[in-house]
file work-v7.cif (mmCIF, C-alpha atoms)
data_query
#
loop_
_atom_site.label_atom_id
_atom_site.label_comp_id
_atom_site.auth_asym_id
_atom_site.auth_seq_id
_atom_site.Cartn_x
_atom_site.Cartn_y
_atom_site.Cartn_z
CA MET A 1 0.00 0.00 0.00
CA LYS A 2 1.34 3.39 -0.98
CA ARG A 3 1.03 5.58 2.10
CA LEU A 4 -0.12 9.16 1.93
CA LYS A 5 2.57 11.74 2.46
CA LYS A 6 2.39 12.58 6.13
CA LYS A 7 2.01 16.16 7.23
CA LYS A 8 2.49 17.68 10.64
CA GLN A 9 -0.16 16.58 13.08
CA ASN A 10 -0.65 20.12 14.33
CA ALA A 11 -1.60 21.37 10.89
CA GLY A 12 -4.82 23.18 10.11
CA VAL A 13 -6.14 23.83 6.63
CA GLY A 14 -6.88 26.62 4.21
CA VAL A 15 -8.40 26.58 0.74
CA ASN A 16 -6.66 27.95 -2.32
CA GLY A 17 -7.99 28.86 -5.75
CA ASN A 18 -8.34 25.35 -7.17
CA GLY A 19 -10.20 23.93 -4.20
CA SER A 20 -7.12 22.49 -2.58
CA VAL A 21 -6.63 23.08 1.14
CA THR A 22 -3.34 24.40 2.46
CA ARG A 23 -2.03 23.58 5.92
CA GLU A 24 -1.69 26.05 8.73
CA PRO A 25 -1.23 25.68 12.50
CA HIS A 26 -4.24 24.66 14.55
CA CYS A 27 -5.67 27.32 16.80
CA GLY A 28 -7.65 26.97 20.00
CA ARG A 29 -11.42 27.27 20.07
CA LYS A 30 -11.41 30.87 21.34
CA GLN A 31 -8.87 31.93 18.75
CA LYS A 32 -10.84 30.21 16.01
CA LEU A 33 -14.05 31.93 17.09
CA ALA A 34 -12.24 35.28 17.06
CA GLU A 35 -10.81 34.64 13.59
CA ILE A 36 -14.23 33.69 12.21
CA HIS A 37 -15.81 36.80 13.72
CA GLN A 38 -13.07 39.02 12.31
CA ALA A 39 -13.42 37.40 8.89
CA LEU A 40 -17.17 38.03 8.90
CA ILE A 41 -16.87 41.74 9.71
CA SER A 42 -13.99 42.41 7.31
CA ASP A 43 -14.86 44.37 4.19
CA PRO A 44 -14.73 42.51 1.91
CA VAL A 45 -15.47 39.38 3.90
CA ASP A 46 -12.33 37.27 4.42
CA ILE A 47 -13.69 34.24 2.62
CA GLU A 48 -10.38 32.35 2.67
CA THR A 49 -10.32 32.44 6.47
CA LEU A 50 -13.91 31.19 6.56
CA ARG A 51 -13.07 28.32 4.20
CA ARG A 52 -10.06 27.46 6.31
CA ALA A 53 -12.17 27.47 9.47
CA ALA A 54 -14.87 25.28 7.91
CA ALA A 55 -12.36 22.72 6.70
CA SER A 56 -10.06 22.63 9.73
CA LYS A 57 -10.48 20.50 12.84
CA GLY A 58 -13.87 20.97 14.48
CA GLY A 59 -15.34 22.83 11.51
CA LEU A 60 -17.54 25.81 12.28
CA LEU A 61 -18.11 24.72 15.90
CA THR A 62 -21.73 25.88 16.38
CA ASP A 63 -25.00 26.13 14.45
CA GLU A 64 -25.03 29.86 15.12
CA LEU A 65 -21.76 30.23 13.24
CA ARG A 66 -22.98 27.96 10.47
CA ARG A 67 -25.96 30.25 9.93
CA LYS A 68 -23.50 33.11 9.41
CA VAL A 69 -20.74 31.34 7.50
CA TRP A 70 -22.55 28.87 5.22
CA PRO A 71 -24.26 31.70 3.26
CA LYS A 72 -20.89 33.43 2.76
CA LEU A 73 -19.34 30.23 1.43
CA LEU A 74 -22.09 30.22 -1.22
CA ASN A 75 -22.14 33.99 -1.87
CA ILE A 76 -25.67 34.47 -0.52
CA ASN A 77 -26.94 37.84 0.72
CA VAL A 78 -28.82 37.14 3.95
CA TYR A 79 -30.82 40.36 3.47
CA ASP A 80 -32.06 39.38 0.02
CA LEU A 81 -33.58 35.95 0.55
CA PRO A 82 -36.46 34.41 -1.39
CA HIS A 83 -39.90 34.63 0.18
CA LYS A 84 -41.50 31.60 1.76
CA PRO A 85 -43.18 29.55 -0.97
CA GLY A 86 -46.90 30.00 -1.52
CA ARG A 87 -49.35 27.15 -1.78
CA ASP A 88 -49.21 27.41 -5.56
CA VAL A 89 -45.73 25.83 -5.55
CA ARG A 90 -47.38 22.42 -5.21
CA GLU A 91 -49.85 22.87 -8.03
CA SER A 92 -49.35 20.49 -10.96
CA HIS A 93 -45.66 19.92 -10.21
CA LYS A 94 -44.46 16.75 -11.90
CA ASP A 95 -42.27 15.75 -8.92
CA TYR A 96 -44.80 16.55 -6.20
CA ASN A 97 -45.88 12.97 -5.43
CA GLN A 98 -42.33 11.61 -5.35
CA VAL A 99 -41.08 14.46 -3.17
CA VAL A 100 -43.91 13.90 -0.70
CA LEU A 101 -43.14 10.17 -0.53
CA ASP A 102 -39.46 10.80 0.11
CA VAL A 103 -40.10 13.48 2.73
CA ARG A 104 -42.61 11.28 4.55
CA ARG A 105 -39.91 8.60 4.78
CA SER A 106 -37.33 11.03 6.17
CA MET A 107 -38.42 10.91 9.83
CA LYS A 108 -35.07 9.52 10.97
CA ARG A 109 -33.34 12.67 9.74
CA PHE A 110 -35.04 14.79 12.41
CA PRO A 111 -33.52 15.05 15.91
CA LYS A 112 -34.62 12.46 18.41
CA GLY A 113 -37.11 13.84 20.88
CA MET A 114 -38.45 16.49 18.54
CA PRO A 115 -42.24 16.79 19.02
CA ALA A 116 -44.31 15.16 16.28
CA THR A 117 -46.10 18.44 15.55
CA GLU A 118 -42.80 20.22 14.94
CA LYS A 119 -41.61 17.42 12.67
CA ALA A 120 -44.83 17.68 10.69
CA ILE A 121 -44.33 21.42 10.19
CA LEU A 122 -40.73 20.92 9.08
CA GLN A 123 -41.75 18.20 6.65
CA GLU A 124 -44.25 20.53 5.01
CA GLN A 125 -41.54 23.20 4.77
CA LEU A 126 -39.16 20.63 3.30
CA ILE A 127 -41.63 19.76 0.55
CA ASP A 128 -42.09 23.43 -0.31
CA ILE A 129 -38.35 24.15 -0.30
CA ILE A 130 -37.61 21.38 -2.78
CA LEU A 131 -40.51 22.22 -5.08
CA GLU A 132 -39.68 25.94 -5.02
CA VAL A 133 -36.12 25.36 -6.21
CA LEU A 134 -37.24 22.90 -8.88
CA LYS A 135 -40.02 25.22 -10.03
CA CYS A 136 -37.67 28.17 -10.38
CA SER A 137 -35.07 26.11 -12.26
CA PRO A 138 -36.98 23.69 -14.51
CA GLN A 139 -33.70 22.43 -15.96
CA LEU A 140 -33.00 20.74 -12.62
CA HIS A 141 -34.24 17.17 -12.31
CA TYR A 142 -35.18 15.84 -8.89
CA TYR A 143 -33.35 12.76 -7.66
CA GLN A 144 -34.04 10.65 -4.61
CA GLY A 145 -31.56 11.72 -1.98
CA TYR A 146 -31.95 15.41 -2.83
CA HIS A 147 -34.29 15.72 0.13
CA ASP A 148 -31.47 14.53 2.43
CA VAL A 149 -29.44 17.58 1.44
CA ALA A 150 -32.46 19.87 1.77
CA VAL A 151 -33.39 18.66 5.26
CA THR A 152 -29.85 19.25 6.55
CA LEU A 153 -29.99 22.84 5.35
CA LEU A 154 -33.49 23.35 6.74
CA LEU A 155 -32.56 22.11 10.22
CA VAL A 156 -29.53 24.40 10.42
CA VAL A 157 -30.48 27.64 8.64
CA GLY A 158 -34.29 27.69 8.39
CA GLU A 159 -36.70 27.75 5.47
CA ARG A 160 -35.84 30.90 3.51
CA MET A 161 -32.09 30.50 3.77
CA ALA A 162 -32.44 26.82 2.91
CA ILE A 163 -34.16 27.75 -0.36
CA ALA A 164 -31.33 30.11 -1.30
CA MET A 165 -28.60 27.65 -0.35
CA LEU A 166 -30.25 24.69 -2.05
CA ASP A 167 -30.71 26.72 -5.22
CA THR A 168 -27.02 27.66 -5.29
CA LEU A 169 -25.83 24.14 -4.48
CA SER A 170 -28.14 22.69 -7.13
CA ASN A 171 -26.58 24.91 -9.77
CA HIS A 172 -23.00 24.25 -8.66
CA HIS A 173 -21.86 21.52 -6.26
CA LEU A 174 -24.83 19.18 -6.90
CA ARG A 175 -25.37 20.04 -10.55
CA ASP A 176 -23.87 16.80 -11.84
CA PHE A 177 -26.60 14.84 -10.03
CA MET A 178 -29.51 16.78 -11.52
CA ASP A 179 -29.52 15.67 -15.14
CA PRO A 180 -32.31 13.49 -16.57
CA THR A 181 -29.76 10.70 -17.17
CA MET A 182 -27.32 8.88 -14.90
CA ASP A 183 -24.26 9.61 -17.04
CA SER A 184 -22.85 12.55 -15.08
CA THR A 185 -23.17 10.85 -11.69
CA LYS A 186 -21.45 7.80 -13.15
CA HIS A 187 -18.66 10.12 -14.28
CA ILE A 188 -18.17 11.41 -10.73
CA LEU A 189 -18.26 7.90 -9.24
CA ASN A 190 -15.62 6.87 -11.76
CA TYR A 191 -13.06 8.97 -9.89
CA LEU A 192 -13.15 6.59 -6.92
CA MET A 193 -11.28 3.58 -8.29
CA PRO A 194 -8.38 5.59 -9.78
CA ILE A 195 -7.84 7.22 -6.37
CA LEU A 196 -7.72 3.79 -4.72
CA GLU A 197 -5.36 2.53 -7.42
CA GLN A 198 -2.94 5.39 -6.75
CA VAL A 199 -2.82 4.71 -3.01
CA ASP A 200 -3.27 0.94 -2.59
CA THR A 201 -2.89 -1.20 -5.72
CA GLU A 202 -3.54 -4.42 -3.77
CA LEU A 203 -6.88 -3.13 -2.46
CA HIS A 204 -7.77 -1.81 -5.90
CA GLU A 205 -7.03 -5.16 -7.54
CA PHE A 206 -9.07 -6.99 -4.88
CA MET A 207 -12.09 -4.80 -5.58
CA ILE A 208 -11.67 -5.27 -9.34
CA ARG A 209 -11.61 -9.06 -8.89
CA ALA A 210 -14.72 -8.85 -6.71
CA GLU A 211 -16.43 -6.76 -9.42
CA VAL A 212 -17.96 -4.64 -6.69
CA GLY A 213 -17.84 -1.41 -8.67
CA THR A 214 -18.67 1.88 -6.94
CA ILE A 215 -22.44 1.74 -6.59
CA PHE A 216 -21.99 1.25 -2.84
CA ALA A 217 -20.92 4.90 -2.61
CA LEU A 218 -23.86 6.30 -4.57
CA SER A 219 -25.97 7.39 -1.60
CA TRP A 220 -22.87 8.82 0.12
CA LEU A 221 -22.16 11.04 -2.84
CA ILE A 222 -25.60 12.34 -3.82
CA THR A 223 -26.72 13.09 -0.24
CA TRP A 224 -23.37 14.36 1.03
CA TYR A 225 -23.54 11.40 3.45
CA GLY A 226 -26.73 12.71 5.07
CA HIS A 227 -28.61 9.53 4.15
CA VAL A 228 -26.13 7.17 5.83
CA LEU A 229 -25.03 8.94 9.02
CA SER A 230 -27.15 8.56 12.13
CA ASP A 231 -25.51 11.33 14.18
CA PHE A 232 -26.48 14.76 12.87
CA LYS A 233 -23.34 16.37 14.29
CA HIS A 234 -21.25 14.27 11.92
CA THR A 235 -23.44 15.31 8.99
CA MET A 236 -23.02 19.00 9.84
CA ARG A 237 -19.26 18.57 10.19
CA LEU A 238 -19.06 17.06 6.71
CA TYR A 239 -21.23 19.84 5.29
CA ASP A 240 -18.81 22.39 6.74
CA PHE A 241 -16.02 20.61 4.89
CA PHE A 242 -17.85 20.13 1.59
CA LEU A 243 -19.18 23.69 1.43
CA ALA A 244 -15.61 24.97 1.75
CA SER A 245 -14.11 22.51 -0.73
CA HIS A 246 -14.02 21.35 -4.33
CA PRO A 247 -17.23 19.66 -5.61
CA LEU A 248 -15.38 16.34 -5.89
CA MET A 249 -14.37 16.28 -2.22
CA PRO A 250 -17.19 13.86 -1.28
CA ILE A 251 -15.68 11.23 -3.61
CA TYR A 252 -12.24 11.76 -2.06
CA LEU A 253 -13.81 11.22 1.36
CA ALA A 254 -15.37 8.02 0.01
CA ALA A 255 -11.89 6.86 -0.96
CA THR A 256 -10.53 7.57 2.52
CA ILE A 257 -13.37 5.56 4.08
CA VAL A 258 -12.61 2.56 1.86
CA LEU A 259 -8.87 2.88 2.55
CA TYR A 260 -9.53 3.18 6.29
CA ARG A 261 -11.42 -0.14 6.12
CA GLU A 262 -8.69 -1.78 4.02
CA LYS A 263 -8.14 -4.74 6.36
CA GLU A 264 -11.86 -5.46 6.62
CA VAL A 265 -12.21 -5.41 2.85
CA LYS A 266 -9.22 -7.64 2.18
CA THR A 267 -10.29 -10.24 4.74
CA THR A 268 -13.79 -10.41 3.24
CA GLU A 269 -14.55 -13.14 0.73
CA CYS A 270 -13.66 -11.83 -2.73
CA ASP A 271 -17.25 -11.85 -3.86
CA MET A 272 -19.27 -8.98 -5.28
CA ALA A 273 -22.23 -9.39 -2.92
CA MET A 274 -20.07 -9.80 0.19
CA VAL A 275 -17.82 -6.80 -0.51
CA HIS A 276 -20.75 -4.63 -1.51
CA HIS A 277 -22.60 -5.54 1.69
CA LEU A 278 -19.57 -4.59 3.77
CA LEU A 279 -18.81 -1.29 2.07
CA SER A 280 -22.37 -0.05 1.68
CA ARG A 281 -22.80 0.13 5.46
CA ILE A 282 -20.72 2.92 6.95
CA PRO A 283 -19.65 2.35 10.57
CA GLN A 284 -21.09 5.09 12.75
CA ASP A 285 -17.92 5.46 14.84
CA LEU A 286 -15.53 6.50 12.09
CA PRO A 287 -12.83 9.08 13.05
CA TYR A 288 -14.24 11.85 10.87
CA GLU A 289 -11.63 14.49 11.66
CA LEU A 290 -8.88 12.05 10.67
CA LEU A 291 -10.71 11.07 7.48
CA ILE A 292 -11.35 14.71 6.53
CA GLY A 293 -7.64 15.43 6.81
CA GLN A 294 -6.79 12.34 4.77
CA ALA A 295 -9.34 13.27 2.11
CA GLN A 296 -7.64 16.63 1.72
CA ASP A 297 -4.25 14.93 1.53
CA LEU A 298 -5.56 12.71 -1.27
CA PHE A 299 -6.94 15.74 -3.10
CA ASP A 300 -3.57 17.50 -2.83
CA GLN A 301 -1.58 14.49 -4.05
CA TYR A 302 -4.00 13.27 -6.73
CA PRO A 303 -6.05 16.27 -7.88
CA PRO A 304 -8.93 15.81 -10.34
CA SER A 305 -6.80 17.16 -13.17
CA LEU A 306 -4.35 14.30 -12.66
CA LEU A 307 -7.01 11.63 -12.38
CA ALA A 308 -8.91 13.01 -15.39
CA LYS A 309 -5.98 12.09 -17.63
CA ARG A 310 -7.08 8.50 -17.34
CA ALA A 311 -9.07 7.32 -20.35
CA ALA A 312 -12.21 6.49 -18.36
CA LEU A 313 -12.50 10.10 -17.17
CA GLN A 314 -11.77 11.88 -20.43
CA SER A 315 -15.01 11.17 -22.25
CA ARG A 316 -17.25 13.46 -20.21
CA LYS A 317 -16.98 16.95 -18.79
CA SER A 318 -18.37 17.87 -15.38
CA LEU A 319 -20.08 21.25 -15.12
CA SER A 320 -19.62 21.20 -11.35
CA ILE A 321 -15.87 20.90 -11.86
CA ASN A 322 -15.63 23.24 -14.83
CA THR A 323 -17.53 26.08 -13.15
CA PHE A 324 -16.00 25.70 -9.69
CA GLN A 325 -13.11 28.14 -10.07
CA ALA A 326 -15.39 30.90 -11.36
CA PHE A 327 -17.84 30.19 -8.54
CA GLN A 328 -15.07 30.42 -5.95
CA LEU A 329 -13.86 33.70 -7.36
CA SER A 330 -17.41 35.09 -7.18
CA THR A 331 -17.39 34.66 -3.40
CA LEU A 332 -14.32 36.82 -2.80
CA HIS A 333 -15.93 40.29 -2.92
CA GLN A 334 -18.83 39.98 -0.47
CA ARG A 335 -19.72 42.81 1.90
CA PRO A 336 -20.14 42.07 5.63
CA ASP A 337 -23.71 41.64 6.91
CA SER A 338 -23.63 44.98 8.72
CA VAL A 339 -23.00 46.77 5.43
CA LEU A 340 -25.57 44.66 3.58
CA GLN A 341 -28.17 45.46 6.24
CA ARG A 342 -27.48 49.18 5.95
CA LEU A 343 -27.66 49.05 2.14
CA THR A 344 -30.88 47.04 2.28
CA LYS A 345 -32.50 49.58 4.61
CA ALA A 346 -31.42 52.45 2.38
CA GLN A 347 -32.73 50.66 -0.68
CA GLY A 348 -35.99 49.88 1.10
CA SER A 349 -36.45 53.52 2.00
CA THR A 350 -35.89 54.58 -1.60
CA THR A 351 -38.26 51.88 -2.82
CA SER A 352 -40.95 53.01 -0.40
CA ARG A 353 -40.77 56.60 -1.66
CA HIS A 354 -40.86 55.37 -5.25
CA ALA A 355 -43.82 53.11 -4.49
CA SER A 356 -45.80 55.93 -2.91
CA ARG A 357 -45.52 57.86 -6.17
CA HIS A 358 -46.46 54.92 -8.39
CA SER A 359 -49.37 53.26 -6.58
CA GLY A 360 -47.02 50.69 -5.06
CA LEU A 361 -47.95 47.87 -7.42
CA GLU A 362 -44.61 47.12 -9.04
CA ALA A 363 -42.58 47.96 -5.96
CA ALA A 364 -44.56 45.45 -3.92
CA LEU A 365 -43.61 42.52 -6.14
CA PRO A 366 -41.13 40.09 -4.51
CA ARG A 367 -37.83 40.89 -6.23
CA ASP A 368 -35.84 38.17 -4.54
CA ARG A 369 -38.06 35.33 -5.74
CA GLY A 370 -37.75 36.59 -9.27
CA GLN A 371 -34.00 36.70 -8.88
CA LEU A 372 -33.97 33.16 -7.55
CA CYS A 373 -36.08 31.86 -10.42
CA GLY A 374 -33.82 33.56 -12.92
CA LYS A 375 -30.59 32.06 -11.64
CA GLY A 376 -28.95 29.49 -13.87
CA ASN A 377 -31.68 29.34 -16.48
CA THR A 378 -29.11 29.40 -19.26
CA ILE A 379 -26.91 26.72 -17.76
CA VAL A 380 -27.39 23.05 -18.55
CA LYS A 381 -27.93 21.07 -15.34
CA MET A 382 -26.02 17.83 -14.98
CA ALA A 383 -26.41 14.40 -13.39
CA VAL A 384 -29.00 12.43 -11.40
CA TRP A 385 -28.30 8.73 -10.68
CA GLY A 386 -25.02 6.99 -11.59
CA LEU A 387 -23.88 3.45 -12.06
CA SER A 388 -20.17 2.70 -12.05
CA ALA A 389 -18.52 1.66 -15.29
CA THR A 390 -16.77 -1.00 -13.27
CA LEU A 391 -19.96 -2.66 -12.05
CA GLY A 392 -20.11 -6.40 -12.41
CA ALA A 393 -22.87 -7.75 -14.59
CA ALA A 394 -24.82 -9.09 -11.64
CA VAL A 395 -24.93 -5.76 -9.79
CA PHE A 396 -25.82 -3.93 -12.97
CA ALA A 397 -28.71 -6.32 -13.57
CA VAL A 398 -29.99 -5.80 -10.02
CA ALA A 399 -29.64 -2.04 -10.29
CA GLN A 400 -31.25 -1.94 -13.72
CA THR A 401 -34.18 -3.99 -12.45
CA ALA A 402 -34.50 -1.61 -9.51
CA MET A 403 -34.61 1.34 -11.89
CA ASP A 404 -37.39 -0.42 -13.79
CA TRP A 405 -39.35 -0.77 -10.56
CA GLY A 406 -38.74 2.80 -9.56
CA PRO A 407 -35.77 5.02 -8.61
CA GLU A 408 -36.69 4.83 -4.94
CA VAL A 409 -35.87 1.11 -4.92
CA LEU A 410 -32.29 1.86 -5.92
CA LEU A 411 -31.70 4.19 -3.00
CA GLN A 412 -33.23 1.64 -0.62
CA LEU A 413 -30.97 -1.09 -1.99
CA PHE A 414 -27.84 0.92 -1.39
#
call {"tool": "encode", "arguments": {"input": "work-v7.cif", "output": "C-alpha cells"}}
result
Amino acid sequence: MKRLKKKKQNAGVGVNGNGSVTREPHCGRKQKLAEIHQALISDPVDIETLRRAAASKGGLLTDELRRKVWPKLLNINVYDLPHKPGRDVRESHKDYNQVVLDVRRSMKRFPKGMPATEKAILQEQLIDIILEVLKCSPQLHYYQGYHDVAVTLLLVVGERMAIAMLDTLSNHHLRDFMDPTMDSTKHILNYLMPILEQVDTELHEFMIRAEVGTIFALSWLITWYGHVLSDFKHTMRLYDFFLASHPLMPIYLAATIVLYREKEVKTTECDMAMVHHLLSRIPQDLPYELLIGQAQDLFDQYPPSLLAKRAALQSRKSLSINTFQAFQLSTLHQRPDSVLQRLTKAQGSTTSRHASRHSGLEAALPRDRGQLCGKGNTIVKMAVWGLSATLGAAVFAVAQTAMDWGPEVLLQLF
C-alpha cells in the first residue's frame, strides 16, 4: 500500500484557488471563534479564512456560526432571501408525489425527541423548499436523496435561507446529479477507483476481482452522506467541509473511508455481494476528523486534473468541476452583513418613496423570488443517478431492475 505523504499533526487547513486546502497551525477554540468573527466583519469578507475554518479540525463549531458562514461560502446575501413559498408551488408539479413520498420517509433525519407536531411542520416546509427550487429552475431534475441535502440545510439555517442555499448548491456543487440521465453521476463515481489505485494497488485489484464497482458509494455522494449517518453532528461537520471545498471532495472522502477499512475489505470473501454488503454500510464510529484530513491529503496528491488524464475520465466533462473556479472567485468580494443590512434599509427607504408615487404595485412585487427563479436558467444542469462503469454484470442487472421498478428502490438497496 502506498502511504499518503504525512504532514504535521498540528496542521490546520486553508483553501486555495483550485479547491485544494493548504495547511496552517491549529488554533484553539477561542482563537478560532475570534478569527471567524473578524473574517465576517472584514470588508470585503475574508472568505479564505472562513473556508479554512470550515475545513479545519472541528469545523464551524456551532450552528449559530454555520448560519452566518454557510451563506458566505455560497455567496448568498442574507438580506435578500427568497420569500416563503406560496401554496401554488405544489400545483401540478411533476415531482410533487415523489417528493412527498421521500419526505414522509425522512423521519429519521429529524432530531430524536423532537415533538411530532414540529416534525410535521418541518416536513411541510421541506416539501415546499424542494418544489420551489425545482419550479424556479426547470432544468434541474429531482433525484431521490436530494431531500437529504435539503433537510440538513433546513434544520440548520431555516426555510428561507435553505431555499437560497439549495438553489445555489443545485446549480453548482450538486449540478452533476440533476440531469435526466445517470451519465454525469457515473462520471463522478468513476473517480473513486483511480484514487484507490494510486494509493493501494492491492486493495484496488481486490475490488476489481470482486467486481464490486462503486455503486456502494452512490448514496454517500448524492446526499453528502446525510442519508447514511445517524448522528447529525457528523453530517453537519461534513457539510462544513464540503461547502468549503471542491465539488469532488465527497468522492475523495469516500476513498478515505474505503482505505480506512482496508483490512476489513481484504479479509472479506472476494465476492461482489459480500464486498458490496460490507462497504455499503458505513460504521457510525468512524474518526471523521482524521478522514477529513486524509481526504484533503488525497486531493492534494492526486487532484482531479491528474485523475482526469485516465481514459475512463476523459469522455465526459463535469459542469460542477468546470464552473468551480469561477464560482469560488465570485465569493471573494462579499460585503459584511452589517453593510448589507445598511444598504438594504437604504434601498428599502428609496423603494418606499418610489412606491408611494407609483401606486405601489410594481414595488410590492417580490424581487428576490424573481432573482432566484432567474438564476442558472441558461446553464445546462447535470447528473441524477449513476452506475459505475466497473460494475459487475450481476450488480448492474440488479440495479437496472430496480430502476425499472422505480428510482426509490435503488436508493433503498444501497
call {"tool": "resolve_selection", "arguments": {"input": "work-v7.cif", "expression": "the PyMOL selection byres ((chain A and resi 232) around 12)", "output": "compact mmCIF listing (two decimals) with C-alpha atoms, in the coordinates of the input"}}
result
# COMPACT_ATOMS: atom_id res chain seq x y z
CA ASP A 63 -25.00 26.13 14.45
CA LYS A 108 -35.07 9.52 10.97
CA ARG A 109 -33.34 12.67 9.74
CA PHE A 110 -35.04 14.79 12.41
CA PRO A 111 -33.52 15.05 15.91
CA LYS A 112 -34.62 12.46 18.41
CA ASP A 148 -31.47 14.53 2.43
CA VAL A 151 -33.39 18.66 5.26
CA THR A 152 -29.85 19.25 6.55
CA LEU A 153 -29.99 22.84 5.35
CA LEU A 155 -32.56 22.11 10.22
CA VAL A 156 -29.53 24.40 10.42
CA TYR A 225 -23.54 11.40 3.45
CA GLY A 226 -26.73 12.71 5.07
CA HIS A 227 -28.61 9.53 4.15
CA VAL A 228 -26.13 7.17 5.83
CA LEU A 229 -25.03 8.94 9.02
CA SER A 230 -27.15 8.56 12.13
CA ASP A 231 -25.51 11.33 14.18
CA LYS A 233 -23.34 16.37 14.29
CA HIS A 234 -21.25 14.27 11.92
CA THR A 235 -23.44 15.31 8.99
CA MET A 236 -23.02 19.00 9.84
CA ARG A 237 -19.26 18.57 10.19
CA LEU A 238 -19.06 17.06 6.71
CA TYR A 239 -21.23 19.84 5.29
CA GLN A 284 -21.09 5.09 12.75
call {"tool": "residues_around", "arguments": {"input": "work-v7.cif", "residues": "Ile292 (chain A)", "least_positions_apart": "5", "cutoff": "9 Å", "atoms": "only C-alpha atoms", "output": "NGL selection string"}}
result
:A and (55-57 or 238 or 241 or 253 or 256 or 287 or 297)
call {"tool": "closest_residue", "arguments": {"input": "work-v7.cif", "among": "A:Asp167, A:Glu159, A:Glu197, A:Asp95", "to": "Leu307 (chain A)", "atoms": "only C-alpha atoms"}}
result
A:Glu197
call {"tool": "resolve_selection", "arguments": {"input": "work-v7.cif", "expression": "the PyMOL selection byres ((chain A and resi 69-79) around 9)", "output": "number ranges by chain"}}
result
A: 36, 40, 45, 47, 50-51, 54, 60, 64-68, 80-81, 157, 161, 164-165, 168-169, 240, 243-244, 327-328, 330-335, 337, 340-341, 344
call {"tool": "closest_residue", "arguments": {"input": "work-v7.cif", "among": "A:Val265, A:Ile121, A:Leu131, A:Leu279", "to": "Arg87 (chain A)", "atoms": "all atoms listed in the file"}}
result
A:Leu131
call {"tool": "resolve_selection", "arguments": {"input": "work-v7.cif", "expression": "the PyMOL selection byres ((chain A and resi 198) around 12)", "output": "number ranges by chain"}}
result
A: 1-4, 191-197, 199-205, 255, 259, 298-299, 301-303, 306-307, 310
call {"tool": "atom_distance", "arguments": {"input": "work-v7.cif", "atom1": "CA of Ser280 (chain A)", "atom2": "CA of Phe216 (chain A)"}}
result
4.7 Å
call {"tool": "atom_distance", "arguments": {"input": "work-v7.cif", "atom1": "CA of Tyr142 (chain A)", "atom2": "CA of Gln98 (chain A)"}}
result
9.0 Å
call {"tool": "closest_residue", "arguments": {"input": "work-v7.cif", "among": "A:Leu166, A:Ala308, A:Leu126, A:Met178", "to": "Asn190 (chain A)", "atoms": "only C-alpha atoms"}}
result
A:Ala308
call {"tool": "residues_near_point", "arguments": {"input": "work-v7.cif", "point": "(-40.4, 9.7, 7.4)", "cutoff": "12 Å", "atoms": "all atoms listed in the file", "output": "MDAnalysis selection string"}}
result
chainID A and resid 99:110 116 119:120 122:124 126 147:148 151
call {"tool": "axis_aligned_box", "arguments": {"input": "work-v7.cif", "around": "region 267-275 of chain A", "padding_each_side": "4 Å", "output": "lines of an AutoDock Vina configuration file"}}
result
center_x = -16.3
center_y = -10.0
center_z = -0.3
size_x = 19.9
size_y = 14.3
size_z = 18.0
call {"tool": "closest_residue", "arguments": {"input": "work-v7.cif", "among": "A:Pro250, A:Pro336, A:Gly145, A:Pro283", "to": "Leu189 (chain A)", "atoms": "all atoms listed in the file"}}
result
A:Pro250
call {"tool": "residues_around", "arguments": {"input": "work-v7.cif", "residues": "Lys32 (chain A)", "least_positions_apart": "5", "cutoff": "12 Å", "atoms": "all atoms listed in the file", "output": "list of chain:residue names"}}
result
A:Gly12, A:Pro25, A:His26, A:Cys27, A:His37, A:Gln38, A:Ala39, A:Thr49, A:Leu50, A:Arg52, A:Ala53, A:Ala54, A:Ser56, A:Lys57, A:Gly58, A:Gly59, A:Leu60, A:Leu61, A:Thr62, A:Leu65
call {"tool": "write_last_selection", "arguments": {"input": "work-v7.cif", "atoms": "C-alpha atoms", "output": "compact mmCIF listing (two decimals), in the frame of the given file"}}
result
# COMPACT_ATOMS: atom_id res chain seq x y z
CA GLY A 12 -4.82 23.18 10.11
CA PRO A 25 -1.23 25.68 12.50
CA HIS A 26 -4.24 24.66 14.55
CA CYS A 27 -5.67 27.32 16.80
CA HIS A 37 -15.81 36.80 13.72
CA GLN A 38 -13.07 39.02 12.31
CA ALA A 39 -13.42 37.40 8.89
CA THR A 49 -10.32 32.44 6.47
CA LEU A 50 -13.91 31.19 6.56
CA ARG A 52 -10.06 27.46 6.31
CA ALA A 53 -12.17 27.47 9.47
CA ALA A 54 -14.87 25.28 7.91
CA SER A 56 -10.06 22.63 9.73
CA LYS A 57 -10.48 20.50 12.84
CA GLY A 58 -13.87 20.97 14.48
CA GLY A 59 -15.34 22.83 11.51
CA LEU A 60 -17.54 25.81 12.28
CA LEU A 61 -18.11 24.72 15.90
CA THR A 62 -21.73 25.88 16.38
CA LEU A 65 -21.76 30.23 13.24
call {"tool": "atom_distance", "arguments": {"input": "work-v7.cif", "atom1": "CA of Glu132 (chain A)", "atom2": "CA of Gly86 (chain A)"}}
result
9.0 Å
call {"tool": "residues_around", "arguments": {"input": "work-v7.cif", "residues": "Leu174 (chain A)", "least_positions_apart": "6", "cutoff": "8 Å", "atoms": "only C-alpha atoms", "output": "ChimeraX atom specification"}}
result
/A:222,247,320
call {"tool": "residues_around", "arguments": {"input": "work-v7.cif", "residues": "His276 (chain A)", "least_positions_apart": "3", "cutoff": "10 Å", "atoms": "all atoms listed in the file", "output": "mmCIF file with C-alpha atoms, in the frame of the given file"}}
result
data_model
loop_
_atom_site.group_PDB
_atom_site.id
_atom_site.type_symbol
_atom_site.label_atom_id
_atom_site.label_comp_id
_atom_site.auth_asym_id
_atom_site.auth_seq_id
_atom_site.Cartn_x
_atom_site.Cartn_y
_atom_site.Cartn_z
ATOM 1 C CA MET A 207 -12.090 -4.800 -5.580
ATOM 2 C CA ALA A 210 -14.720 -8.850 -6.710
ATOM 3 C CA GLU A 211 -16.430 -6.760 -9.420
ATOM 4 C CA VAL A 212 -17.960 -4.640 -6.690
ATOM 5 C CA GLY A 213 -17.840 -1.410 -8.670
ATOM 6 C CA THR A 214 -18.670 1.880 -6.940
ATOM 7 C CA ILE A 215 -22.440 1.740 -6.590
ATOM 8 C CA PHE A 216 -21.990 1.250 -2.840
ATOM 9 C CA ALA A 217 -20.920 4.900 -2.610
ATOM 10 C CA VAL A 265 -12.210 -5.410 2.850
ATOM 11 C CA ASP A 271 -17.250 -11.850 -3.860
ATOM 12 C CA MET A 272 -19.270 -8.980 -5.280
ATOM 13 C CA ALA A 273 -22.230 -9.390 -2.920
ATOM 14 C CA LEU A 279 -18.810 -1.290 2.070
ATOM 15 C CA SER A 280 -22.370 -0.050 1.680
ATOM 16 C CA ARG A 281 -22.800 0.130 5.460
ATOM 17 C CA VAL A 395 -24.930 -5.760 -9.790
ATOM 18 C CA PHE A 414 -27.840 0.920 -1.390
#
